[in-house]
Structures are given as C-alpha cells and as structure tokens.
file structure35.txt (compact mmCIF, C-alpha atoms)
# COMPACT_ATOMS: atom_id res chain seq x y z
CA MET A 1 -10.89 25.64 -6.97
CA SER A 2 -13.81 25.62 -9.34
CA LEU A 3 -15.38 22.84 -7.31
CA ILE A 4 -15.34 24.97 -4.16
CA LYS A 5 -16.79 27.89 -6.10
CA ASP A 6 -19.54 25.61 -7.43
CA LEU A 7 -20.17 24.46 -3.90
CA PHE A 8 -20.81 27.97 -2.65
CA THR A 9 -22.93 29.04 -5.60
CA ASN A 10 -24.98 25.85 -5.60
CA TRP A 11 -25.31 25.49 -1.88
CA SER A 12 -28.69 27.19 -1.63
CA VAL A 13 -29.92 25.24 -4.65
CA TRP A 14 -28.85 21.92 -3.21
CA ARG A 15 -30.54 22.58 0.10
CA ARG A 16 -33.85 23.52 -1.51
CA PRO A 17 -36.58 20.88 -1.29
CA GLY A 18 -37.28 19.45 -4.70
CA TYR A 19 -33.94 20.39 -6.22
CA PHE A 20 -33.51 16.76 -7.20
CA GLU A 21 -36.19 17.05 -9.84
CA SER A 22 -33.69 18.65 -12.16
CA PHE A 23 -31.39 15.63 -11.98
CA ASP A 24 -31.01 13.20 -14.88
CA TYR A 25 -32.70 10.42 -12.97
CA SER A 26 -34.18 10.15 -9.55
CA TRP A 27 -33.85 6.52 -8.63
CA GLY A 28 -36.38 5.37 -6.13
CA MET A 29 -37.93 2.29 -4.69
CA VAL A 30 -41.36 1.20 -3.58
CA ILE A 31 -41.60 -1.60 -1.02
CA ASP A 32 -45.01 -3.18 -0.67
CA LEU A 33 -45.18 -4.46 2.92
CA ASP A 34 -48.34 -6.36 2.12
CA ARG A 35 -46.35 -8.51 -0.27
CA CYS A 36 -43.24 -8.78 1.90
CA THR A 37 -43.02 -12.11 3.72
CA GLY A 38 -39.81 -11.34 5.56
CA CYS A 39 -37.97 -14.22 3.90
CA GLU A 40 -34.67 -12.27 3.80
CA ALA A 41 -33.88 -13.31 0.23
CA CYS A 42 -33.03 -9.65 -0.38
CA VAL A 43 -30.50 -9.74 2.44
CA VAL A 44 -28.76 -12.77 0.94
CA ALA A 45 -28.81 -11.28 -2.55
CA CYS A 46 -27.36 -8.00 -1.31
CA THR A 47 -24.61 -9.81 0.60
CA ALA A 48 -23.61 -11.72 -2.51
CA GLU A 49 -23.85 -8.79 -4.92
CA ASN A 50 -22.03 -6.18 -2.89
CA ASN A 51 -19.22 -8.24 -1.32
CA LEU A 52 -20.54 -7.79 2.20
CA PRO A 53 -18.40 -9.53 4.79
CA ILE A 54 -19.74 -12.15 7.17
CA VAL A 55 -18.52 -10.71 10.45
CA GLY A 56 -18.99 -13.76 12.64
CA GLU A 57 -20.80 -14.43 15.85
CA LYS A 58 -18.55 -12.42 18.17
CA ARG A 59 -18.64 -9.24 16.12
CA PHE A 60 -22.33 -9.65 15.51
CA SER A 61 -22.84 -9.55 19.27
CA GLU A 62 -20.75 -6.36 19.33
CA ASN A 63 -23.19 -4.75 16.86
CA ARG A 64 -20.58 -4.74 14.12
CA GLU A 65 -22.66 -6.64 11.63
CA ILE A 66 -22.71 -5.28 8.09
CA LYS A 67 -25.97 -5.75 6.22
CA TRP A 68 -26.98 -3.05 3.76
CA ILE A 69 -30.55 -4.28 3.89
CA ARG A 70 -32.09 -5.90 6.92
CA ILE A 71 -35.54 -7.00 8.07
CA GLU A 72 -36.47 -5.08 11.19
CA ARG A 73 -38.90 -6.85 13.51
CA TYR A 74 -41.39 -5.25 15.84
CA TRP A 75 -43.39 -7.18 18.42
CA SER A 76 -46.63 -5.77 19.74
CA GLY A 77 -49.28 -7.08 22.13
CA GLU A 78 -49.11 -9.75 24.81
CA TYR A 79 -48.70 -13.48 24.35
CA PRO A 80 -52.00 -14.88 23.09
CA ASN A 81 -52.49 -11.87 20.86
CA ALA A 82 -48.82 -11.11 20.22
CA LYS A 83 -48.25 -9.74 16.75
CA LEU A 84 -45.07 -9.53 14.71
CA SER A 85 -44.62 -6.89 12.08
CA PHE A 86 -41.50 -6.33 10.04
CA ILE A 87 -40.08 -3.86 7.57
CA PRO A 88 -37.09 -4.14 5.23
CA MET A 89 -34.77 -1.29 6.09
CA LEU A 90 -32.04 -0.03 3.77
CA CYS A 91 -30.48 3.30 2.89
CA GLN A 92 -33.38 5.61 2.08
CA HIS A 93 -31.29 7.72 -0.32
CA CYS A 94 -32.79 10.83 1.23
CA ASP A 95 -32.94 13.85 -1.00
CA GLN A 96 -32.29 15.98 2.09
CA ALA A 97 -29.78 13.58 3.55
CA PRO A 98 -28.54 14.35 7.06
CA CYS A 99 -25.40 12.30 6.47
CA GLU A 100 -24.28 14.50 3.58
CA ILE A 101 -24.08 17.68 5.59
CA ALA A 102 -22.16 15.85 8.30
CA CYS A 103 -19.22 14.54 6.31
CA PRO A 104 -16.13 16.72 6.80
CA VAL A 105 -14.50 15.49 3.58
CA SER A 106 -17.59 15.25 1.33
CA ALA A 107 -17.15 11.51 0.96
CA THR A 108 -20.91 11.20 0.81
CA TYR A 109 -22.84 13.38 -1.59
CA HIS A 110 -25.74 13.46 -4.00
CA ASN A 111 -24.81 12.66 -7.56
CA GLN A 112 -26.61 13.55 -10.75
CA ASP A 113 -28.70 10.37 -10.53
CA GLY A 114 -30.32 11.47 -7.29
CA LEU A 115 -28.36 8.82 -5.44
CA ASN A 116 -26.88 9.33 -2.03
CA THR A 117 -23.43 7.96 -2.74
CA GLN A 118 -20.46 7.01 -0.63
CA ILE A 119 -16.91 7.23 -1.98
CA TYR A 120 -14.72 4.77 -0.16
CA ASN A 121 -11.47 6.35 -1.30
CA ARG A 122 -12.33 9.70 0.16
CA CYS A 123 -13.80 8.45 3.43
CA ILE A 124 -11.52 9.03 6.41
CA GLY A 125 -13.73 7.16 8.87
CA THR A 126 -14.98 9.84 11.22
CA ARG A 127 -18.30 7.92 11.41
CA THR A 128 -20.18 11.21 11.71
CA CYS A 129 -22.58 10.21 8.95
CA ALA A 130 -23.61 7.09 10.86
CA VAL A 131 -24.38 9.23 13.88
CA TYR A 132 -26.48 11.61 11.79
CA CYS A 133 -28.37 8.88 9.95
CA PRO A 134 -31.79 8.41 11.56
CA TYR A 135 -32.34 5.08 9.79
CA GLU A 136 -29.18 3.38 11.14
CA VAL A 137 -28.25 2.05 7.73
CA ARG A 138 -24.61 3.11 7.57
CA PHE A 139 -22.00 0.53 8.52
CA PHE A 140 -18.43 1.04 9.53
CA ASN A 141 -15.66 -1.39 8.68
CA TRP A 142 -13.96 -1.92 12.00
CA PHE A 143 -11.74 -4.59 10.47
CA SER A 144 -10.51 -5.70 7.08
CA TYR A 145 -12.47 -8.85 6.44
CA THR A 146 -11.21 -11.78 4.43
CA TRP A 147 -12.97 -14.55 2.60
CA ASP A 148 -11.91 -18.16 3.10
CA ALA A 149 -11.13 -20.11 -0.06
CA PRO A 150 -13.01 -20.74 -2.26
CA LEU A 151 -15.43 -17.99 -1.23
CA GLU A 152 -13.16 -15.23 -2.51
CA GLN A 153 -13.93 -16.57 -5.99
CA GLN A 154 -17.52 -15.37 -5.74
CA LEU A 155 -16.63 -11.73 -5.00
CA ASN A 156 -18.20 -9.30 -7.42
CA PRO A 157 -15.43 -7.70 -9.49
CA ASP A 158 -17.56 -4.61 -10.12
CA VAL A 159 -17.69 -3.76 -6.42
CA THR A 160 -14.74 -2.78 -4.26
CA VAL A 161 -13.91 -4.89 -1.24
CA ARG A 162 -13.91 -2.24 1.46
CA GLU A 163 -11.02 -2.13 3.86
CA LYS A 164 -11.12 -1.20 7.49
CA GLY A 165 -11.71 2.44 8.34
CA VAL A 166 -14.37 3.30 5.77
CA MET A 167 -18.11 3.70 6.00
CA GLU A 168 -20.35 1.82 3.62
CA LYS A 169 -24.03 1.57 2.84
CA CYS A 170 -26.55 0.61 0.21
CA THR A 171 -25.69 2.07 -3.20
CA PHE A 172 -28.90 1.05 -4.99
CA CYS A 173 -26.55 -1.34 -6.83
CA ILE A 174 -24.83 1.55 -8.59
CA GLN A 175 -22.63 -0.91 -10.49
CA ARG A 176 -25.74 -2.26 -12.22
CA ILE A 177 -26.92 1.26 -13.02
CA ARG A 178 -23.54 2.05 -14.53
CA GLU A 179 -23.49 -1.15 -16.54
CA ALA A 180 -27.01 -0.49 -17.84
CA LYS A 181 -25.96 3.01 -18.86
CA ASP A 182 -22.97 1.55 -20.67
CA HIS A 183 -25.21 -0.87 -22.57
CA ALA A 184 -27.67 1.93 -23.36
CA LYS A 185 -24.86 3.98 -24.84
CA ASP A 186 -23.69 0.97 -26.85
CA ASP A 187 -27.18 0.78 -28.33
CA GLY A 188 -27.15 4.51 -29.03
CA ARG A 189 -29.78 5.34 -26.43
CA ARG A 190 -29.42 8.51 -24.39
CA ARG A 191 -31.62 7.42 -21.52
CA LEU A 192 -32.33 4.23 -19.66
CA ARG A 193 -35.68 2.56 -20.08
CA GLU A 194 -37.99 1.25 -17.44
CA GLY A 195 -36.85 -2.22 -16.41
CA ASP A 196 -33.23 -1.81 -17.54
CA ILE A 197 -32.05 -1.96 -13.97
CA GLN A 198 -32.96 -4.08 -11.03
CA PRO A 199 -31.00 -3.98 -7.80
CA ALA A 200 -30.06 -7.35 -6.33
CA CYS A 201 -32.71 -7.14 -3.60
CA ALA A 202 -35.52 -6.42 -6.06
CA GLN A 203 -34.32 -9.17 -8.38
CA ALA A 204 -34.24 -11.73 -5.57
CA CYS A 205 -37.60 -10.81 -4.02
CA PRO A 206 -39.86 -13.83 -4.61
CA THR A 207 -43.08 -11.86 -4.09
CA LYS A 208 -41.95 -8.81 -6.11
CA ALA A 209 -42.46 -6.61 -3.06
CA ILE A 210 -39.54 -4.37 -4.07
CA VAL A 211 -39.95 -2.26 -7.19
CA PHE A 212 -37.16 -0.05 -8.47
CA GLY A 213 -37.27 2.73 -11.02
CA ASP A 214 -36.97 6.36 -11.97
CA ARG A 215 -39.26 8.66 -9.99
CA ASN A 216 -38.71 11.46 -12.52
CA ASP A 217 -40.62 9.46 -15.11
CA PRO A 218 -44.36 9.80 -14.32
CA ASP A 219 -45.16 6.64 -16.29
CA SER A 220 -42.77 4.45 -14.34
CA GLN A 221 -44.14 1.79 -12.06
CA VAL A 222 -42.40 3.37 -9.09
CA ALA A 223 -43.95 6.79 -9.61
CA GLN A 224 -47.41 5.28 -9.97
CA MET A 225 -47.11 3.00 -6.97
CA ALA A 226 -45.70 5.79 -4.80
CA SER A 227 -48.95 7.74 -5.11
CA ASP A 228 -50.86 4.79 -3.68
CA ALA A 229 -53.09 5.59 -0.69
CA ARG A 230 -51.12 3.10 1.41
CA GLY A 231 -47.84 4.86 0.73
CA TYR A 232 -45.73 6.43 3.44
CA THR A 233 -42.12 7.28 4.09
CA VAL A 234 -40.27 6.30 7.24
CA LEU A 235 -39.62 9.06 9.82
CA LYS A 236 -41.43 11.61 7.68
CA GLU A 237 -41.31 14.15 10.50
CA LEU A 238 -37.54 14.52 10.02
CA ASN A 239 -38.04 15.98 6.51
CA THR A 240 -35.35 13.85 4.95
CA SER A 241 -37.57 13.20 1.89
CA PRO A 242 -36.49 9.58 1.33
CA SER A 243 -36.42 7.96 -2.10
CA ILE A 244 -38.06 4.84 -0.73
CA VAL A 245 -41.83 4.71 -0.32
CA TYR A 246 -43.33 1.93 1.77
CA LEU A 247 -46.85 0.67 1.15
CA ARG A 248 -48.63 -0.04 4.39
CA ARG A 249 -49.57 -3.61 5.29
CA VAL A 250 -53.29 -4.33 5.07
CA ASP A 251 -54.27 -5.81 8.42
CA GLN A 252 -57.35 -7.85 9.08
CA GLU A 253 -58.24 -5.68 12.06
CA HIS A 254 -57.99 -2.47 10.04
CA VAL A 255 -60.19 -3.59 7.18
CA MET B 1 33.38 33.95 29.06
CA SER B 2 33.19 31.39 26.34
CA VAL B 3 30.24 29.52 24.88
CA SER B 4 30.65 25.94 23.83
CA VAL B 5 29.31 25.42 20.33
CA ARG B 6 28.68 21.78 21.05
CA GLU B 7 26.55 22.71 24.08
CA ALA B 8 24.59 25.36 22.17
CA LEU B 9 23.78 22.90 19.40
CA GLY B 10 22.77 20.27 21.93
CA ALA B 11 19.25 21.71 22.01
CA PHE B 12 18.81 20.84 18.34
CA LYS B 13 19.88 17.24 18.80
CA PRO B 14 16.34 15.69 18.84
CA ALA B 15 15.37 17.68 15.76
CA ALA B 16 18.54 16.61 13.98
CA ILE B 17 17.87 12.97 14.83
CA ALA B 18 14.29 13.27 13.57
CA VAL B 19 15.46 14.78 10.29
CA GLY B 20 18.09 12.07 9.95
CA ILE B 21 15.53 9.31 10.46
CA ALA B 22 13.14 10.92 7.99
CA LEU B 23 15.90 11.18 5.39
CA ALA B 24 16.91 7.56 5.90
CA ALA B 25 13.28 6.44 5.59
CA TYR B 26 12.91 8.48 2.40
CA ILE B 27 15.97 6.90 0.84
CA ALA B 28 14.94 3.40 1.99
CA GLY B 29 11.49 3.93 0.50
CA TRP B 30 12.95 5.08 -2.80
CA VAL B 31 15.29 2.09 -2.97
CA ALA B 32 12.44 -0.30 -2.12
CA TYR B 33 10.31 1.28 -4.84
CA GLU B 34 13.08 0.92 -7.41
CA VAL B 35 13.82 -2.69 -6.44
CA PHE B 36 10.35 -4.14 -5.87
CA PHE B 37 8.21 -2.30 -8.41
CA PRO B 38 8.56 -3.24 -12.03
CA GLY B 39 8.90 0.33 -13.28
CA THR B 40 7.31 1.83 -16.34
CA ALA B 41 8.90 -0.54 -18.87
CA PRO B 42 9.22 -4.05 -17.42
CA VAL B 43 11.02 -6.81 -19.29
CA GLN B 44 8.41 -9.08 -20.83
CA PRO B 45 8.71 -12.88 -21.15
CA ILE B 46 8.91 -12.47 -24.92
CA GLU B 47 10.53 -9.44 -26.52
CA PHE B 48 7.40 -8.61 -28.47
CA SER B 49 7.94 -5.55 -30.61
CA HIS B 50 5.06 -3.20 -31.37
CA VAL B 51 7.42 -1.43 -33.80
CA ILE B 52 7.25 -4.42 -36.14
CA HIS B 53 3.55 -5.20 -35.75
CA ALA B 54 1.85 -1.84 -35.24
CA GLY B 55 4.56 0.30 -36.84
CA ASP B 56 6.03 -1.46 -39.85
CA TYR B 57 3.12 -3.73 -40.77
CA GLN B 58 0.35 -1.30 -39.70
CA ILE B 59 -1.73 -4.00 -38.03
CA ASP B 60 -4.75 -2.39 -36.40
CA CYS B 61 -4.66 -2.33 -32.58
CA GLN B 62 -8.04 -4.03 -32.39
CA TYR B 63 -6.93 -6.92 -34.59
CA CYS B 64 -5.17 -8.30 -31.51
CA HIS B 65 -6.79 -6.36 -28.65
CA ILE B 66 -10.19 -7.49 -29.82
CA TYR B 67 -12.36 -6.47 -26.86
CA ALA B 68 -11.39 -2.78 -26.75
CA ALA B 69 -14.48 -1.52 -28.59
CA ARG B 70 -17.05 -3.66 -26.82
CA SER B 71 -15.79 -4.41 -23.33
CA THR B 72 -14.21 -2.82 -20.29
CA THR B 73 -10.91 -4.56 -20.93
CA ALA B 74 -9.00 -4.33 -24.20
CA GLY B 75 -7.83 -7.92 -23.91
CA VAL B 76 -4.45 -9.52 -24.37
CA PRO B 77 -4.53 -11.77 -27.43
CA ALA B 78 -4.57 -15.50 -26.90
CA VAL B 79 -1.49 -17.48 -27.92
CA GLU B 80 -3.67 -18.92 -30.66
CA LYS B 81 -3.92 -15.45 -32.20
CA CYS B 82 -0.13 -15.15 -32.35
CA MET B 83 0.22 -18.65 -33.76
CA GLY B 84 -2.30 -17.85 -36.46
CA CYS B 85 0.48 -15.97 -38.24
CA HIS B 86 3.61 -17.31 -36.60
CA LYS B 87 3.06 -20.92 -37.62
CA VAL B 88 4.48 -19.82 -40.93
CA ILE B 89 6.03 -16.38 -40.41
CA ALA B 90 9.54 -15.92 -38.98
CA THR B 91 9.57 -19.33 -37.32
CA ASP B 92 13.37 -19.35 -37.14
CA LYS B 93 13.67 -16.31 -34.84
CA PRO B 94 14.52 -17.12 -31.17
CA GLU B 95 11.64 -15.04 -29.78
CA ILE B 96 9.15 -16.83 -32.03
CA GLN B 97 10.57 -20.18 -30.89
CA LYS B 98 9.79 -19.07 -27.30
CA LEU B 99 6.24 -18.43 -28.47
CA THR B 100 6.10 -21.86 -30.09
CA ASP B 101 7.27 -23.41 -26.83
CA TYR B 102 4.41 -21.75 -24.98
CA TRP B 103 2.02 -22.98 -27.67
CA ASN B 104 3.32 -26.55 -27.56
CA SER B 105 3.22 -26.70 -23.76
CA ARG B 106 -0.32 -25.23 -23.87
CA GLN B 107 0.53 -22.36 -21.56
CA ALA B 108 -0.51 -18.71 -21.58
CA ILE B 109 2.29 -16.20 -21.93
CA PRO B 110 2.81 -14.54 -18.51
CA TRP B 111 2.82 -10.97 -19.81
CA ILE B 112 3.54 -8.30 -17.22
CA LYS B 113 0.79 -5.69 -17.02
CA VAL B 114 2.20 -2.26 -17.75
CA HIS B 115 -0.95 -0.15 -17.50
CA ASP B 116 -2.28 -1.45 -14.23
CA LEU B 117 -5.13 0.56 -12.76
CA ALA B 118 -6.12 0.24 -9.11
CA ASP B 119 -8.94 -2.17 -8.31
CA PHE B 120 -11.26 0.63 -7.23
CA VAL B 121 -11.22 2.25 -10.66
CA TYR B 122 -13.86 1.43 -13.24
CA PHE B 123 -12.28 2.06 -16.61
CA PRO B 124 -14.29 0.87 -19.62
CA HIS B 125 -12.19 0.74 -22.77
CA LYS B 126 -15.33 0.66 -24.88
CA ARG B 127 -16.54 4.11 -23.74
CA HIS B 128 -13.22 5.64 -24.72
CA VAL B 129 -12.82 3.78 -27.99
CA GLN B 130 -16.39 4.59 -29.00
CA ALA B 131 -15.76 8.26 -28.13
CA GLU B 132 -12.94 8.04 -30.67
CA VAL B 133 -10.16 8.63 -28.22
CA ALA B 134 -7.04 7.37 -29.97
CA CYS B 135 -5.23 4.53 -28.20
CA GLN B 136 -2.08 6.67 -28.30
CA THR B 137 -3.71 9.34 -26.11
CA CYS B 138 -3.22 7.16 -23.05
CA HIS B 139 -0.80 4.47 -24.20
CA GLY B 140 1.70 6.74 -25.97
CA GLU B 141 3.17 6.16 -29.41
CA VAL B 142 2.95 2.40 -29.12
CA GLN B 143 3.95 1.84 -32.75
CA THR B 144 7.41 3.20 -31.96
CA MET B 145 7.98 1.21 -28.77
CA ALA B 146 10.17 -1.87 -29.02
CA ARG B 147 9.21 -2.62 -25.42
CA ILE B 148 5.94 -1.23 -24.07
CA GLU B 149 6.48 1.66 -21.70
CA ARG B 150 3.95 3.47 -19.56
CA VAL B 151 4.06 7.13 -20.52
CA ALA B 152 0.84 8.34 -18.85
CA PRO B 153 0.87 8.85 -15.08
CA LEU B 154 -2.56 7.14 -14.77
CA SER B 155 -3.32 9.47 -11.89
CA MET B 156 -6.77 10.77 -11.03
CA LYS B 157 -5.71 14.33 -11.89
CA TRP B 158 -4.68 13.15 -15.32
CA CYS B 159 -8.00 11.34 -15.91
CA VAL B 160 -10.19 14.18 -14.65
CA GLY B 161 -8.12 16.75 -16.55
CA CYS B 162 -8.98 15.06 -19.83
CA HIS B 163 -12.64 14.64 -18.80
CA GLU B 164 -12.90 18.34 -18.07
CA GLU B 165 -11.13 19.32 -21.27
CA ARG B 166 -13.49 17.22 -23.39
CA GLU B 167 -16.51 18.16 -21.27
CA VAL B 168 -17.48 14.55 -20.68
CA GLU B 169 -21.04 14.10 -19.49
CA ASN B 170 -20.90 13.54 -15.70
CA GLY B 171 -17.14 13.28 -16.19
CA ARG B 172 -16.41 14.77 -12.79
CA ASP B 173 -18.78 12.62 -10.76
CA CYS B 174 -16.86 10.32 -8.41
CA TRP B 175 -18.99 7.29 -9.22
CA THR B 176 -18.39 7.62 -12.95
CA CYS B 177 -14.94 6.12 -12.40
CA HIS B 178 -14.76 4.85 -8.84
CA LYS B 179 -16.42 1.71 -7.62

call {"tool": "encode", "arguments": {"input": "structure35.txt", "output": "structure tokens"}}
result
Amino acid sequence: MSLIKDLFTNWSVWRRPGYFESFDYSWGMVIDLDRCTGCEACVVACTAENNLPIVGEKRFSENREIKWIRIERYWSGEYPNAKLSFIPMLCQHCDQAPCEIACPVSATYHNQDGLNTQIYNRCIGTRTCAVYCPYEVRFFNWFSYTWDAPLEQQLNPDVTVREKGVMEKCTFCIQRIREAKDHAKDDGRRRLREGDIQPACAQACPTKAIVFGDRNDPDSQVAQMASDARGYTVLKELNTSPSIVYLRRVDQEHV
Amino acid sequence: MSVSVREALGAFKPAAIAVGIALAAYIAGWVAYEVFFPGTAPVQPIEFSHVIHAGDYQIDCQYCHIYAARSTTAGVPAVEKCMGCHKVIATDKPEIQKLTDYWNSRQAIPWIKVHDLADFVYFPHKRHVQAEVACQTCHGEVQTMARIERVAPLSMKWCVGCHEEREVENGRDCWTCHK
C-alpha cells in the first residue's frame, strides 16, 4: 500500500525535468561518432555479456532479431558520391522515458541509479513499451531460445536467460554496476569511483568511442565530454532527455 | 404439479463438472508436488549432523562454509575439508566410512540443495554476513538440526519484509535482488 501512496505523492516529482539529479548516480554514456568505425565489436560484446539469443536467419527476416546495441546505417547521395554514415543505437535510458509511463504493470521504471530498468519477472508482455519507444531499442522474446552445446557453457550467470513473453533491452550492464558496488562496499567505500565500471560495449570498443560514467559527477569524463560543442542527443525534439550524448562526426565537407 | 429435482439441478451440471475438474486438478497438483519435490528436509547422501559439529563442538559456520563472508555463495566444503579431521576422528562410524568411500573414489558428495533460490535472484551472502545478519536468521537454528531443514519461506515478501524492517539502502529496488 505504501508503494502506491509513494507513487501518488512522488508522481509530480518524477515527471519534473531534472528530478534525476537527486539520484545517487546518473549513469550516462558519451559516444564519439568521429572515433566510431562501425566495427560492431560492441554488438558482439553485448551479445556475449547479456546472454542475447541468436535468432537465426528466418526470424531475423521477420524482424525478430534481438540486439541490445546495433549499428544503424544511413545512405545519402547518389552512386559516385554516395555516402554511408552510421550510429550505434542502444537504449538511451531517457530520464523522461516514454516507455515507463506506458507499462501497465510498472515492469519498467527508473531506479535510484538513474537507470531505465526492465524487470523480467514483472513483465507480462503487452509490448506497449516497445510501441512507445521512439528509438526502437526494446526487443520482445517471441520464443524461448536455446543454446546448442557447448554454447550454453558461455552464458553469463549474472544475467537471466529471458524466456518467451518478456520484453528486454539494454541495462547499461547493471550486473557490472552491482558487482562494482559490492566490491566498493567490501573496501568500505560508500560511492563508486570513476572507472570502476565499464559496460561490455565500452570495454570492447577498440577506438574507445564509447565512454561510460556518472553524469552527476562534474569531474567525470562523461560529464566533461557531454558539454562538447559536437554533442547532441538523438530525437531531442521529443523531450525524452536521453542519458546518451553523441558527438557529431567531423566531415571533410563541413570543415 | 410436481417439479423434478433432477431436472431442476440439471442447469447446474456444467458448473458442477467444472468444480469437479478443478478439485481433481488441485489434488493431482498437490500429490505431484509431494512426490516430485524434495520437500523442506530432503534425505542427504550422508547423514551429516549439524548438531554434532555446530552444536556440540561449536565449530564456526565459516570454518566449513568458507566463502560466506567474501562471495555470493557460502560454499559447500570440499571433501578434503571433511577428511582433514575425519582421517583420524570417528573413522569407525558407518557415515564416516561413506565419506571415506567418496574420498577414495575421488568423488564429490552429491549433497541436495535445501535453500535453493530461483535463478533470477541475486543473493550475495557476503552483503548479509558483513551486515552482521546471523546465519540463523535465514537458515534457522542449524545447530539443533540433525538433518538440515528449510524453515524460511524464501519468498520475495519475506526478503523485502526484512529489508524494510532494517531499512536497507535501496532495499526495495527491484534490481537490488533481481537479475
């Protein structure tokens, strides 16, 4: 009952822009598109870390692929001057997340770390959140996927293997955040330090295009890079206030 | 004019059948649960008594469950740990001879897990041990159990109830315990 009461009293606070500043942490990411080569190492790392299923060719053609991070490609211009640009797209962990207001059972919510989280146990699979998400980064498990031997041996024990009927998405490698917090407490530290956590995609990135950190800390690399002149957020006009800031690619023609 | 009771009750026939099927399913489910699930106190391969070890001899829990304070799992002791003492102590007892057989055939003892949490639960023993929660809070009075029995329901309500009572930091956040 107290939870419902909290919900009503805090509702106006939660919907206020900037309410996330009072959270313990505000995990964010900066992706430098000038460094990104589109090698998809982050995609592979994410698949391995978070037990993502390989859906197969048929289901891929049915748009049932599950990839928490993907490289989106955009072609522009005609043949001799055709130009390819790409952008890594993952859950933006919006502070004003459209998916959160959509869920009828509150299976997706903002936690005290400023993360947009998904609870698989509570999800009933209405898929409303995926409809509301403007970034198309939520994935529904249409089937229970299995891993052929010996691949099931490489499943990450810290991450649940999702069954059919639940929605899933990027968690900012919340299992690593939790483990780092555990280690910090073992060492008697109250707070995490810069560099304690690296999500799988940032760790795998060969050009260090992905930087992860706490946006609440003004000295963190993320906070400093986010104020770069090249910085922008995707679909800014929707006022979702994403946690991920992209740094624009420096083009020869724009210099 | 007479009314046939049988005819009057005929309207309730589908409902009666539905109730009957539900009752049968309930009983079948209960029987299946009793038969196929090990219960709260399964019979272990060796009749290891915590009364003797933790009760009479006052051996500290973490002498055998060595990982409890520094890992997520408390750890079941290796056969080597048992043999450390039982090479010389009580070697004539039948249960110890079972242990020696496991040792000689270089096999792990297939203990049956009594406190088995679901795979989607992240439960670090170290957080609870370091917060000075006594082992008995969740595992019951182990030092008086000849065979280990699960006394706690291990339900989410039970976990969250304790978190709220002790005002655990972020103790009500879903992702503190779920994964």

call {"tool": "interface_residues", "arguments": {"input": "structure35.txt", "of": "chain B", "to": "chain A", "cutoff": "10 Å", "atoms": "all atoms listed in the file", "output": "number ranges by chain"}}
result
B: 69-72, 119-122, 124, 126-127, 130, 170, 172-179

call {"tool": "closest_atom_pairs", "arguments": {"input": "structure35.txt", "of": "range 51-169 of chain A", "to": "range 233-248 of chain A", "cutoff": "9 Å", "atoms": "only C-alpha atoms", "output": "JSON lines"}}
result
{"residue": "A:Ile87", "atom": "CA", "partner": "A:Tyr246", "partner_atom": "CA", "distance": 8.8}
{"residue": "A:Leu90", "atom": "CA", "partner": "A:Ile244", "partner_atom": "CA", "distance": 9.0}
{"residue": "A:Cys91", "atom": "CA", "partner": "A:Ile244", "partner_atom": "CA", "distance": 8.5}
{"residue": "A:Gln92", "atom": "CA", "partner": "A:Pro242", "partner_atom": "CA", "distance": 5.1}
{"residue": "A:His93", "atom": "CA", "partner": "A:Ser243", "partner_atom": "CA", "distance": 5.4}
{"residue": "A:Cys94", "atom": "CA", "partner": "A:Pro242", "partner_atom": "CA", "distance": 3.9}
{"residue": "A:Asp95", "atom": "CA", "partner": "A:Ser241", "partner_atom": "CA", "distance": 5.5}
{"residue": "A:Gln96", "atom": "CA", "partner": "A:Thr240", "partner_atom": "CA", "distance": 4.7}
{"residue": "A:Ala97", "atom": "CA", "partner": "A:Thr240", "partner_atom": "CA", "distance": 5.7}
{"residue": "A:Pro98", "atom": "CA", "partner": "A:Thr240", "partner_atom": "CA", "distance": 7.1}
{"residue": "A:Gly114", "atom": "CA", "partner": "A:Ser243", "partner_atom": "CA", "distance": 8.7}
{"residue": "A:Leu115", "atom": "CA", "partner": "A:Ser243", "partner_atom": "CA", "distance": 8.8}
{"residue": "A:Pro134", "atom": "CA", "partner": "A:Leu235", "partner_atom": "CA", "distance": 8.0}
{"residue": "A:Tyr135", "atom": "CA", "partner": "A:Leu235", "partner_atom": "CA", "distance": 8.3}

call {"tool": "atom_distance", "arguments": {"input": "structure35.txt", "atom1": "CA of Lys5 in chain A", "atom2": "CA of Cys129 in chain A"}}
result
23.9 Å

call {"tool": "residues_around", "arguments": {"input": "structure35.txt", "residues": "Glu152 in chain A", "least_positions_apart": "5", "cutoff": "10 Å", "atoms": "all atoms listed in the file", "output": "count of residues only"}}
result
3

call {"tool": "atom_distance", "arguments": {"input": "structure35.txt", "atom1": "CA of Thr137 in chain B", "atom2": "CA of Ala118 in chain B"}}
result
19.4 Å

call {"tool": "closest_residue", "arguments": {"input": "structure35.txt", "among": "A:Arg59, A:Arg73, A:Arg35, A:Arg127", "to": "Pro206 in chain A", "atoms": "only C-alpha atoms"}}
result
A:Arg35

call {"tool": "atom_distance", "arguments": {"input": "structure35.txt", "atom1": "CA of Met225 in chain A", "atom2": "CA of Gln198 in chain A"}}
result
16.3 Å

call {"tool": "residues_around", "arguments": {"input": "structure35.txt", "residues": "Phe48 in chain B", "least_positions_apart": "6", "cutoff": "9 Å", "atoms": "only C-alpha atoms", "output": "PyMOL selection string"}}
result
chain B and resi 95+146-148

call {"tool": "residues_near_point", "arguments": {"input": "structure35.txt", "point": "(-0.3, 8.7, -19.1)", "cutoff": "8 Å", "atoms": "all atoms listed in the file", "output": "count of residues only"}}
result
11

call {"tool": "residues_around", "arguments": {"input": "structure35.txt", "residues": "Val76 in chain B", "least_positions_apart": "4", "cutoff": "12 Å", "atoms": "all atoms listed in the file", "output": "compact mmCIF listing (two decimals) with C-alpha atoms, in the frame of the given file"}}
result
# COMPACT_ATOMS: atom_id res chain seq x y z
CA CYS B 61 -4.66 -2.33 -32.58
CA GLN B 62 -8.04 -4.03 -32.39
CA TYR B 63 -6.93 -6.92 -34.59
CA CYS B 64 -5.17 -8.30 -31.51
CA HIS B 65 -6.79 -6.36 -28.65
CA ILE B 66 -10.19 -7.49 -29.82
CA TYR B 67 -12.36 -6.47 -26.86
CA ALA B 68 -11.39 -2.78 -26.75
CA GLU B 80 -3.67 -18.92 -30.66
CA LYS B 81 -3.92 -15.45 -32.20
CA CYS B 82 -0.13 -15.15 -32.35
CA ALA B 108 -0.51 -18.71 -21.58
CA ILE B 109 2.29 -16.20 -21.93
CA PRO B 110 2.81 -14.54 -18.51
CA TRP B 111 2.82 -10.97 -19.81
CA ILE B 112 3.54 -8.30 -17.22
CA LYS B 113 0.79 -5.69 -17.02
CA VAL B 114 2.20 -2.26 -17.75

call {"tool": "residues_near_point", "arguments": {"input": "structure35.txt", "point": "(-24.4, -9.1, 8.3)", "cutoff": "10 Å", "atoms": "all atoms listed in the file", "output": "list of chain:residue names"}}
result
A:Val43, A:Val44, A:Thr47, A:Leu52, A:Pro53, A:Ile54, A:Val55, A:Gly56, A:Glu57, A:Arg59, A:Phe60, A:Asn63, A:Arg64, A:Glu65, A:Ile66, A:Lys67, A:Trp68, A:Ile69, A:Arg70, A:Phe139
